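*Asks:* start_24.txt (compact mmCIF, C-alpha atoms) pasted underneath:
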# COMPACT_ATOMS: atom_id res chain seq x y z
CA MET A 1 178.21 171.04 116.24
CA ALA A 2 177.64 172.24 112.69
CA ARG A 3 174.40 171.05 111.12
CA ARG A 4 174.71 168.89 108.03
CA PRO A 5 173.33 170.49 104.90
CA PRO A 6 170.13 168.76 103.69
CA HIS A 7 170.49 166.17 100.92
CA PRO A 8 169.70 167.48 97.46
CA PRO A 9 166.46 165.96 96.09
CA ARG A 10 167.02 162.63 94.36
CA LEU A 11 165.07 161.32 91.43
CA SER A 12 164.92 157.66 90.43
CA ALA A 13 164.40 156.61 86.81
CA VAL A 14 160.74 155.74 87.51
CA GLU A 15 160.11 159.02 89.33
CA SER A 16 161.72 160.92 86.48
CA LEU A 17 159.50 159.10 83.98
CA ILE A 18 156.37 159.88 85.99
CA LEU A 19 157.29 163.56 86.21
CA GLU A 20 157.97 163.67 82.45
CA LEU A 21 154.59 162.12 81.71
CA LEU A 22 152.76 164.44 84.10
CA ILE A 23 154.46 167.54 82.71
CA ALA A 24 153.89 166.46 79.11
CA ASN A 25 150.19 166.05 79.85
CA ASP A 26 148.42 169.34 80.45
CA GLU A 27 145.79 167.86 82.73
CA ALA A 28 146.18 165.88 85.93
CA MET A 29 146.46 162.13 85.39
CA TYR A 30 145.40 159.09 87.39
CA GLY A 31 147.58 156.02 88.02
CA LEU A 32 146.28 153.75 85.29
CA GLN A 33 146.56 156.58 82.76
CA LEU A 34 150.23 156.94 83.66
CA VAL A 35 150.77 153.18 83.29
CA ALA A 36 149.14 153.24 79.84
CA ALA A 37 151.09 156.32 78.74
CA SER A 38 154.40 154.81 79.86
CA ARG A 39 154.07 151.89 77.42
CA ARG A 40 154.56 149.23 80.08
CA ARG A 41 157.56 150.89 81.69
CA LEU A 42 155.44 151.59 84.77
CA LYS A 43 153.65 148.74 86.53
CA ARG A 44 150.18 149.11 87.94
CA GLY A 45 151.12 147.11 91.05
CA THR A 46 153.77 149.59 92.14
CA ILE A 47 152.66 152.88 90.58
CA TYR A 48 150.74 154.08 93.64
CA VAL A 49 153.60 153.23 95.98
CA THR A 50 155.92 155.34 93.81
CA LEU A 51 153.33 158.12 93.53
CA GLY A 52 152.89 158.11 97.32
CA ARG A 53 156.66 158.38 97.82
CA MET A 54 156.85 161.24 95.31
CA GLU A 55 154.02 163.03 97.08
CA GLU A 56 155.90 162.72 100.36
CA LYS A 57 158.96 164.25 98.70
CA GLY A 58 156.80 167.10 97.42
CA PHE A 59 157.36 166.39 93.70
CA ILE A 60 153.67 165.89 92.96
CA SER A 61 150.34 166.68 94.55
CA SER A 62 147.11 164.72 94.39
CA ARG A 63 143.41 165.25 94.77
CA GLN A 64 140.33 163.10 94.38
CA GLU A 65 138.21 163.21 91.27
CA ALA A 66 135.43 165.74 91.72
CA ALA A 67 132.63 163.74 90.16
CA PRO A 68 132.00 160.14 91.26
CA ALA A 69 133.42 157.63 88.81
CA GLU A 70 131.16 155.84 86.35
CA ALA A 71 128.89 153.05 87.66
CA GLY A 72 129.14 154.48 91.20
CA GLY A 73 132.69 153.30 91.90
CA LEU A 74 135.25 154.93 94.14
CA PRO A 75 136.48 158.34 92.95
CA ARG A 76 139.91 158.14 91.36
CA ARG A 77 142.96 160.05 92.57
CA LEU A 78 144.47 162.55 90.15
CA TYR A 79 148.11 163.58 90.22
CA GLU A 80 149.89 166.67 88.96
CA PRO A 81 153.46 167.94 89.25
CA THR A 82 154.35 170.61 91.79
CA ALA A 83 156.69 173.52 91.10
CA LEU A 84 159.38 171.67 93.06
CA GLY A 85 158.84 168.55 90.93
CA ARG A 86 159.22 170.56 87.73
CA ARG A 87 162.41 172.23 88.98
CA VAL A 88 163.92 168.94 90.15
CA LEU A 89 163.20 167.26 86.81
CA ALA A 90 164.69 170.19 84.90
CA ALA A 91 167.82 170.13 87.07
CA TRP A 92 168.06 166.34 86.84
CA THR A 93 167.73 166.34 83.06
CA ALA A 94 170.31 169.13 82.73
CA ALA A 95 172.73 167.21 84.95
CA ALA A 96 172.14 164.03 82.97
CA GLN A 97 172.78 165.87 79.70
CA HIS A 98 175.94 167.39 81.10
CA PHE A 99 177.42 164.18 82.43
CA SER A 100 176.15 161.73 79.85
CA PRO A 101 175.09 163.09 76.45
CA ARG A 102 173.97 159.58 75.43
CA PHE A 103 171.53 159.42 78.34
CA ALA A 104 169.81 162.61 77.26
CA GLN A 105 169.16 161.43 73.72
CA MET B 1 125.64 143.14 92.58
CA SER B 2 128.58 144.84 94.34
CA LEU B 3 131.40 146.36 92.35
CA PRO B 4 134.67 144.41 92.16
CA GLY B 5 137.05 145.27 94.95
CA THR B 6 134.38 146.41 97.41
CA ARG B 7 134.88 143.44 99.72
CA LEU B 8 138.64 143.58 99.34
CA ARG B 9 138.56 147.24 100.31
CA SER B 10 136.61 146.54 103.49
CA LEU B 11 139.08 143.75 104.35
CA ALA B 12 142.06 146.02 103.69
CA ALA B 13 140.48 148.74 105.83
CA ARG B 14 140.76 146.40 108.81
CA VAL B 15 144.52 146.01 108.51
CA CYS B 16 145.67 149.24 106.85
CA ARG B 17 145.89 152.75 108.24
CA ALA B 18 143.68 155.56 106.92
CA THR B 19 146.56 157.21 105.05
CA THR B 20 147.49 153.88 103.42
CA MET B 21 143.88 153.42 102.37
CA GLU B 22 143.66 156.91 100.98
CA ARG B 23 146.98 156.89 99.12
CA PHE B 24 147.38 153.33 97.90
CA ILE B 25 144.38 151.04 98.34
CA ASP B 26 141.54 153.36 97.27
CA PRO B 27 143.23 154.57 94.05
CA THR B 28 144.03 150.96 93.08
CA ILE B 29 140.44 149.86 93.65
CA ALA B 30 139.08 152.99 91.92
CA ASP B 31 141.16 152.11 88.85
CA LEU B 32 139.94 148.52 88.95
CA GLN B 33 136.30 149.61 89.17
CA ALA B 34 136.63 152.20 86.41
CA GLU B 35 138.38 149.74 84.12
CA TYR B 36 135.81 147.06 84.91
CA ALA B 37 132.98 149.48 84.09
CA ALA B 38 134.62 150.19 80.73
CA ALA B 39 135.05 146.44 80.11
CA LEU B 40 131.36 145.88 80.93
CA LEU B 41 130.37 148.49 78.37
CA SER B 42 132.58 146.84 75.73
CA GLY B 43 130.57 143.62 76.18
CA SER B 44 133.65 141.40 75.94
CA ALA B 45 133.70 138.68 78.58
CA TRP B 46 137.40 138.05 77.94
CA ARG B 47 138.26 141.72 78.55
CA ARG B 48 136.18 141.68 81.73
CA GLN B 49 138.00 138.62 83.09
CA ARG B 50 141.38 140.03 82.10
CA THR B 51 140.60 143.34 83.80
CA LEU B 52 139.62 141.56 87.00
CA LEU B 53 142.70 139.34 86.96
CA PHE B 54 145.19 142.17 86.41
CA GLY B 55 143.31 144.41 88.84
CA TYR B 56 143.44 141.82 91.60
CA ILE B 57 147.14 141.11 90.96
CA ALA B 58 147.84 144.85 91.21
CA PHE B 59 145.83 145.02 94.43
CA ALA B 60 147.80 142.09 95.90
CA LYS B 61 151.07 143.81 95.04
CA VAL B 62 149.97 147.10 96.58
CA LEU B 63 148.80 145.31 99.71
CA LEU B 64 152.14 143.50 99.95
CA TRP B 65 154.03 146.80 99.66
CA CYS B 66 151.84 148.40 102.28
CA THR B 67 151.80 145.57 104.79
CA ALA B 68 155.51 144.72 104.60
CA PRO B 69 156.52 147.49 107.08
CA ALA B 70 153.70 146.43 109.43
CA VAL B 71 154.87 142.80 109.26
CA ALA B 72 158.43 143.92 110.02
CA HIS B 73 157.13 145.97 112.96
CA ALA B 74 155.06 143.05 114.26
CA TRP B 75 158.09 140.78 113.93
CA SER B 76 160.12 143.14 116.10
CA ASN B 77 157.38 142.95 118.75
CA TRP B 78 157.47 139.15 118.89
CA SER B 79 158.96 137.42 121.90
CA PHE B 80 162.45 136.02 121.51
CA GLU B 81 161.12 132.45 121.85
CA ASP B 82 158.55 132.91 119.07
CA ARG B 83 161.06 134.47 116.72
CA ARG B 84 163.58 131.75 117.37
CA GLY B 85 160.85 129.12 116.94
CA LEU B 86 159.83 130.40 113.51
CA VAL B 87 163.41 130.72 112.31
CA ARG B 88 164.04 127.18 113.57
CA VAL B 89 161.04 125.81 111.67
CA VAL B 90 161.98 127.64 108.47
CA TRP B 91 165.60 126.53 108.53
CA ARG B 92 164.76 122.94 109.32
CA SER B 93 162.18 122.96 106.55
CA VAL B 94 164.71 124.24 104.03
CA VAL B 95 167.19 121.54 105.03
CA ALA B 96 164.45 118.88 104.98
CA VAL B 97 163.21 119.96 101.52
CA ILE B 98 166.76 119.66 100.18
CA GLY B 99 167.15 116.34 101.97
CA VAL B 100 163.95 114.93 100.45
CA THR B 101 164.45 116.40 96.97
CA LEU B 102 168.05 115.43 96.40
CA PRO B 103 167.76 111.60 96.68
CA ILE B 104 164.61 111.49 94.51
CA TRP B 105 166.28 113.76 91.97
CA LEU B 106 169.46 111.67 91.86
CA LEU B 107 167.38 108.50 91.45
CA GLU B 108 166.31 109.92 88.08
CA LEU B 109 169.91 110.27 86.93
CA PRO B 110 170.41 106.75 85.47
CA ARG B 111 167.09 106.88 83.59
CA THR B 112 167.87 110.31 82.12
CA ARG B 113 171.36 109.24 81.10
CA GLN B 114 169.88 106.13 79.45
CA MET B 115 167.31 108.19 77.56
CA LEU B 116 169.92 110.68 76.34
CA ASP B 117 172.17 107.82 75.17
CA ASP B 118 169.34 105.88 73.51
CA ASN B 119 168.22 108.92 71.52
CA GLY B 120 171.75 110.12 70.78
CA SER B 121 170.79 113.51 72.18
CA ALA B 122 173.18 116.44 71.98
CA ALA B 123 171.93 117.80 75.32
CA GLY B 124 174.05 117.43 78.44
CA ILE B 125 173.00 115.50 81.56
CA PRO B 126 173.11 118.59 83.86
CA GLU B 127 170.70 120.44 81.57
CA ALA B 128 168.22 117.55 81.36
CA MET B 129 168.46 116.97 85.11
CA ALA B 130 167.77 120.65 85.81
CA TYR B 131 164.50 120.37 83.88
CA LEU B 132 163.47 117.45 86.10
CA LEU B 133 163.74 119.40 89.34
CA PRO B 134 160.34 121.18 89.16
CA SER B 135 158.55 117.83 88.83
CA ILE B 136 159.95 116.66 92.18
CA LEU B 137 159.26 119.84 94.14
CA PRO B 138 155.42 119.62 94.33
CA LEU B 139 155.67 116.64 96.68
CA SER B 140 159.13 117.08 98.21
CA VAL B 141 158.32 120.61 99.39
CA PRO B 142 155.17 119.67 101.41
CA VAL B 143 156.96 116.69 102.94
CA GLY B 144 160.04 118.77 103.72
CA LEU B 145 157.89 121.52 105.23
CA ALA B 146 156.07 118.98 107.38
CA ILE B 147 159.36 117.53 108.62
CA GLY B 148 160.70 121.02 109.33
CA ALA B 149 157.55 122.03 111.19
CA ALA B 150 157.57 118.81 113.23
CA LEU B 151 161.27 119.02 114.12
CA GLY B 152 161.02 122.73 114.90
CA ALA B 153 157.95 122.32 117.09
CA HIS B 154 158.87 119.05 118.77
CA GLY B 155 159.29 119.18 122.53
CA ARG B 156 158.43 122.88 122.76
CA ALA B 157 155.36 124.75 123.86
CA LEU B 158 154.11 126.54 120.75
CA SER B 159 152.27 129.79 121.22
CA ARG B 160 149.14 130.43 119.18
CA ARG B 161 150.99 133.21 117.37
CA LEU B 162 153.83 130.91 116.34
CA THR B 163 151.42 128.17 115.21
CA SER B 164 149.55 130.71 113.07
CA ALA B 165 152.83 132.01 111.65
CA ILE B 166 153.91 128.47 110.66
CA LEU B 167 150.56 127.93 108.93
CA LEU B 168 150.93 131.31 107.22
CA VAL B 169 154.34 130.22 105.93
CA ALA B 170 152.66 127.05 104.65
CA VAL B 171 150.05 129.15 102.83
CA ALA B 172 152.84 131.19 101.19
CA VAL B 173 154.61 127.96 100.20
CA SER B 174 151.32 126.65 98.78
CA PHE B 175 151.04 129.78 96.67
CA ALA B 176 154.61 129.36 95.41
CA SER B 177 153.83 125.71 94.73
CA LEU B 178 150.80 126.73 92.67
CA VAL B 179 152.98 128.99 90.53
CA THR B 180 155.47 126.14 90.04
CA ILE B 181 152.78 123.62 89.19
CA ALA B 182 150.80 125.94 86.93
CA TRP B 183 153.61 127.45 84.85
CA VAL B 184 157.12 126.29 85.73
CA LEU B 185 156.52 122.54 85.75
CA PRO B 186 154.78 122.29 82.33
CA ALA B 187 157.49 124.42 80.70
CA ALA B 188 160.25 122.36 82.34
CA ASN B 189 158.61 119.11 81.20
CA GLN B 190 158.50 120.36 77.62
CA PHE B 191 162.13 121.53 77.77
CA TYR B 192 163.10 118.11 79.12
CA ARG B 193 161.46 116.35 76.17
CA GLU B 194 163.10 118.73 73.72
CA ALA B 195 166.48 118.20 75.40
CA ILE B 196 166.12 114.43 75.10
CA LEU B 197 165.49 114.74 71.35
CA ARG B 198 168.02 117.49 70.62
CA GLY B 199 170.36 116.67 67.76
CA THR B 200 168.18 113.79 66.55
CA ALA B 201 166.07 113.55 63.39
CA THR B 202 163.05 115.02 65.16
CA SER B 203 165.05 117.89 66.62
CA GLY B 204 163.76 121.35 65.79
CA ARG B 205 160.17 120.21 65.28
CA THR B 206 157.56 121.47 67.68
CA LEU B 207 156.71 118.60 70.00
CA TYR B 208 153.01 118.05 70.65
CA LYS B 209 152.38 118.80 74.31
CA GLY B 210 150.89 116.11 76.52
CA GLU B 211 148.75 116.94 79.58
CA ARG B 212 151.80 117.28 81.81
CA GLU B 213 153.32 119.89 79.49
CA LEU B 214 150.27 122.15 79.52
CA THR B 215 149.69 125.09 81.84
CA LEU B 216 146.41 125.18 83.77
CA SER B 217 144.81 127.55 81.26
CA GLU B 218 146.01 125.40 78.35
CA LEU B 219 144.51 122.33 80.05
CA ARG B 220 141.16 124.11 80.33
CA HIS B 221 141.42 125.12 76.71
CA ARG B 222 142.13 121.53 75.59
CA LEU B 223 139.17 120.31 77.63
CA ARG B 224 136.85 121.88 75.09
CA GLY B 225 136.10 119.41 72.37
CA ALA B 226 137.84 116.48 74.08
CA ASP B 227 136.09 113.08 74.15
CA ARG B 228 134.96 111.60 77.48
CA GLN B 229 138.03 109.50 78.24
CA HIS B 230 140.39 112.27 77.23
CA SER B 231 138.45 114.89 79.18
CA ASN B 232 138.62 112.62 82.27
CA ARG B 233 142.41 112.55 81.97
CA ILE B 234 142.61 116.32 81.56
CA LEU B 235 140.26 116.96 84.47
CA PHE B 236 142.25 114.58 86.67
CA GLU B 237 145.52 116.32 85.77
CA PHE B 238 144.01 119.78 86.35
CA HIS B 239 142.57 118.97 89.78
CA THR B 240 145.59 116.92 90.88
CA ARG B 241 147.74 119.98 90.32
CA LEU B 242 145.39 122.17 92.33
CA GLY B 243 145.37 119.58 95.11
CA LEU B 244 149.17 119.35 95.11
CA ALA B 245 149.38 123.13 95.37
CA GLY B 246 147.43 122.92 98.63
CA ALA B 247 149.57 120.05 99.94
CA PRO B 248 152.13 122.23 101.81
CA LEU B 249 149.34 123.59 104.00
CA THR B 250 147.70 120.22 104.71
CA PHE B 251 151.04 118.51 105.39
CA ALA B 252 152.15 121.32 107.71
CA ALA B 253 148.84 121.16 109.59
CA PHE B 254 149.15 117.38 109.88
CA ALA B 255 152.73 117.67 111.19
CA LEU B 256 151.78 120.31 113.77
CA VAL B 257 148.80 118.29 114.96
CA ILE B 258 150.74 115.05 115.47
CA THR B 259 153.58 116.94 117.14
CA ILE B 260 151.52 119.12 119.49
CA ARG B 261 148.48 116.93 120.15
CA ARG B 262 150.04 113.52 120.42
CA ARG B 263 153.38 114.55 121.96
CA SER B 264 154.90 111.49 120.31
CA ARG B 265 158.60 110.81 120.08
CA LYS B 266 160.52 112.46 117.28
CA ARG B 267 161.05 109.18 115.43
CA ARG B 268 157.34 108.37 115.54
CA VAL B 269 156.44 111.81 114.24
CA LEU B 270 158.86 111.45 111.32
CA ALA B 271 157.54 107.96 110.62
CA ALA B 272 153.97 109.31 110.62
CA ILE B 273 154.93 111.98 108.08
CA GLY B 274 156.61 109.31 105.95
CA VAL B 275 153.48 107.15 106.09
CA ALA B 276 151.32 110.17 105.25
CA ALA B 277 153.48 110.98 102.20
CA PHE B 278 153.46 107.36 101.04
CA GLY B 279 149.69 107.16 101.62
CA TYR B 280 149.20 110.41 99.71
CA LEU B 281 151.02 108.97 96.69
CA MET B 282 149.13 105.67 96.93
CA VAL B 283 145.74 107.39 97.05
CA LEU B 284 146.81 109.57 94.12
CA TRP B 285 147.73 106.53 92.04
CA MET B 286 144.49 104.83 93.04
CA GLY B 287 142.58 107.95 92.09
CA ASN B 288 144.26 107.96 88.70
CA ALA B 289 143.28 104.33 88.10
CA ILE B 290 139.69 104.94 89.26
CA SER B 291 139.43 108.04 87.11
CA GLU B 292 140.65 106.13 84.01
CA SER B 293 138.12 103.36 84.63
CA ASP B 294 135.37 106.02 84.58
CA THR B 295 133.73 104.76 87.79
CA GLN B 296 134.20 107.98 89.74
CA SER B 297 134.43 111.64 88.83
CA PRO B 298 138.01 112.66 87.99
CA GLN B 299 137.67 115.74 90.19
CA LEU B 300 136.89 113.65 93.27
CA SER B 301 139.65 111.15 92.39
CA ALA B 302 142.18 113.96 92.13
CA TRP B 303 141.17 115.51 95.44
CA MET B 304 141.05 112.16 97.30
CA PRO B 305 144.62 112.40 98.73
CA GLN B 306 143.94 115.89 100.08
CA ILE B 307 140.58 114.85 101.54
CA ALA B 308 142.15 111.76 103.14
CA LEU B 309 144.96 113.81 104.70
CA VAL B 310 142.59 116.47 106.02
CA LEU B 311 140.32 113.80 107.55
CA THR B 312 143.32 112.08 109.14
CA THR B 313 144.47 115.40 110.59
CA ILE B 314 141.01 116.04 112.04
CA VAL B 315 140.87 112.57 113.60
CA VAL B 316 144.33 113.02 115.13
CA ALA B 317 143.40 116.51 116.35
CA VAL B 318 140.36 115.31 118.30
CA PRO B 319 141.50 114.91 121.93
CA ARG B 320 141.61 111.34 123.16
CA THR B 321 139.40 112.26 126.10
CA ILE B 322 136.52 113.04 123.72
CA ILE B 323 136.96 109.72 121.92
CA ARG B 324 136.94 107.86 125.28
CA THR B 325 133.88 109.73 126.55
CA ARG B 326 131.92 108.94 123.41
CA ALA B 327 132.99 105.30 123.49
In C-alpha cells, how does this file's structure come out?
*Replies:*
Amino acid sequence: MARRPPHPPRLSAVESLILELLIANDEAMYGLQLVAASRRRLKRGTIYVTLGRMEEKGFISSRQEAAPAEAGGLPRRLYEPTALGRRVLAAWTAAAQHFSPRFAQ
Amino acid sequence: MSLPGTRLRSLAARVCRATTMERFIDPTIADLQAEYAAALLSGSAWRRQRTLLFGYIAFAKVLLWCTAPAVAHAWSNWSFEDRRGLVRVVWRSVVAVIGVTLPIWLLELPRTRQMLDDNGSAAGIPEAMAYLLPSILPLSVPVGLAIGAALGAHGRALSRRLTSAILLVAVAVSFASLVTIAWVLPAANQFYREAILRGTATSGRTLYKGERELTLSELRHRLRGADRQHSNRILFEFHTRLGLAGAPLTFAAFALVITIRRRSRKRRVLAAIGVAAFGYLMVLWMGNAISESDTQSPQLSAWMPQIALVLTTIVVAVPRTIIRTRA
C-alpha cells in the first residue's frame, strides 16, 4: 500500500504571531516578554502550552537562562525560532498574501 | 520567606510529569517570580498584589491545560460502575438545579411585572426576569446538587473514588458559584434596577449601587470610611457571599452523608435536604438580624448557616454505634 505523504506544516494565528515576534526580536525571548510584546493578543495562561506545541513541531527551540534569575528564583526559559520555523512562517505569509491580499496588510 | 510559587511548584511536581514541569510549570513560575521581584523593587504594594493575582491565575490555567489529558486518561481507567455513577449524579443534579430554580424564578414574575408597570418602564419582562436569574442560583445550585448527589448515590455502594469525584465536582461548582456571586450577581442586580427604571424620568442617570450591586472588591473598598452600622452591613454581605460560594460543597457533603451513612429512604433523604435548605435560609435571616442589632460580629453571623450545616453533617456522619457506646 502506498504511504500517505506527510501533512505540510500548519501554523495557527497564535503560532504565526509568536514566530513573527521571535524573528523580529534579535535575541531569544521568554514567555512573559512575548505576552508583553504582543499587546495582549497572547495570554500568559496559554503561552507556554502554545510554545510547547511549537517546540514539538520543531518551529522553535528553547533553553534555560544561563544565569539564575534575580532574587534566586527559578531560571526562565528562553525561546528562539528554528530554521524550519522561519521557513514555515515565510511560506505561510507568502501563501496568505497570495490568497488574501487584505490579510497580508 | 519563600518565593511565590515555590509551594505550588512542589505540589505540581507530585502530579505532573518531568517534561510537563520543565516545559510548562517551571517557566510559568519563573515568570511569576521574576515579575514579583521587579514588583518588590518598585515598592508598590498594589503592583505586588496584582502580579501575584495574575501569576496565580496563569498558573491555574497552565495546570488545567496540563492535567486535562491526565484526567481524561484516568477517566478511561475508571470502572464502568463508577463512570456511570458520576454521570448519573451529574445529570440528576442538572435536572434538580433546573427543577429548584424554575419555580423560585417564576414566583418572581408577578412582582417584576408589577414593578415594571408601576414605574412605566420601557424594559420587557423577559429582560428583567433574565437579570433575576443569578440571584436565585447561589442557593438553588447547592440544593440541586445535593438532591442530585443523593438521588444518584441512593441505594448504591459508592466507591471511595466516586465519592471523592462527587466532592470534586462540588468544589468546581463552588468555584463557579464564587464567580457568579462575586461578579455576575452584582452586575445583574444593577442591570435589573436600571431595567425597572428605563424610560422613566430617572432613566439614563447612574444609579447609586447598594451593597448587593457591588462586587467583592467594591464592597471592600466601600468598607473604608463607613460608619459602624454601615460597615456591619457591608461585612455581613461580604461574608454571606463567601459562605454561599462554599454552600455547594457543604450541601453535597451533607447529602452524601445522609444517603450513605443513614441508608434512609429516598423520601426521607429529600425531606432532610429540604429541611437543611430551609434551616440554612432561616439561620441566614437570623444572622442578618443579629448582625444589624450589633450583638454579634457580622462575620460570624454570615458564616452561621455554613457552620450549622457542617456541624449537622459531622453529627450525622458519626456512626450510631459510637453514640450508643458513649451513652
*Asks:* Return the padded bounding box of range 55-59 of chain A as JSON: axis-aligned, built from all atoms listed in the file, 4 Å added on each side, with centre and edge lengths in Å to one decimal.
*Replies:*
{"center_x": 156.5, "center_y": 164.9, "center_z": 97.0, "size_x": 12.9, "size_y": 12.4, "size_z": 14.7}
*Asks:* With a cut-off of 8 Å and counting only C-alpha atoms, select all residues of chain B in contact with chain A and give the selection as a list of chain:residue names.
*Replies:*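 Here they are: B:Leu3, B:Arg23, B:Phe24, B:Asp26, B:Pro27, B:Thr28, B:Ile29, B:Ala30, B:Asp31, B:Gln33, B:Ala34, B:Ala37, B:Ile57, B:Ala58, B:Phe59, B:Ala60, B:Lys61, B:Val62, B:Trp65.
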*Asks:* To one decimal place in Å, what is the distance between CA of Arg222 in chain B and CA of Ser44 in chain B?
*Replies:*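 Computed distance, CA of Arg222 in chain B to CA of Ser44 in chain B, equals 21.6 Å.
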*Asks:* Please measure the separation of CA of His7 in chain A and CA of Leu19 in chain A, giving the value in Å to one decimal.
*Replies:*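 CA of His7 in chain A sits 19.9 Å away from CA of Leu19 in chain A.
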*Asks:* When you count all atoms listed in the file, which of these residues is closest to Glu80 in chain A: A:Ser12, A:Ser100, A:Asn25, A:Ser38?
*Replies:* A:Asn25
*Asks:* CA of Ala36 in chain A to CA of Leu40 in chain B: how many Å, to one decimal?
*Replies:*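 That distance, rounded to one decimal, is 19.3 Å.
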*Asks:* Residues within 12 Å of Pro81 in chain A, please, as JSON, numbers by chain. Count all atoms listed in the file; anything in the same chain fewer than 2 positions from it doesn't count.
*Replies:* {"A": [15, 16, 17, 18, 19, 20, 21, 22, 23, 24, 25, 26, 27, 28, 29, 51, 54, 55, 57, 58, 59, 60, 61, 62, 63, 78, 79, 83, 84, 85, 86, 87, 88, 89]}
*Asks:* So which one's closest to Leu197 in chain B, B:Thr240, B:Ser174, B:Ser217, B:Thr112? Using all atoms listed in the file, please.
*Replies:*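 Distance minimum relative to Leu197 in chain B lands on B:Thr112.
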*Asks:* Given the choices A:Ala66, A:Ala90, A:Ala96, A:Val14, which gets closest to Val35 in chain A if the distance is worked out from all atoms listed in the file?
*Replies:* A:Val14
*Asks:* Using only C-alpha atoms, which of the listed residues (B:Met304, B:Ile258, B:Ala289, B:Leu11) sits closest to Ala271 in chain B?
*Replies:*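 Smallest distance to Ala271 in chain B is found for B:Ile258.
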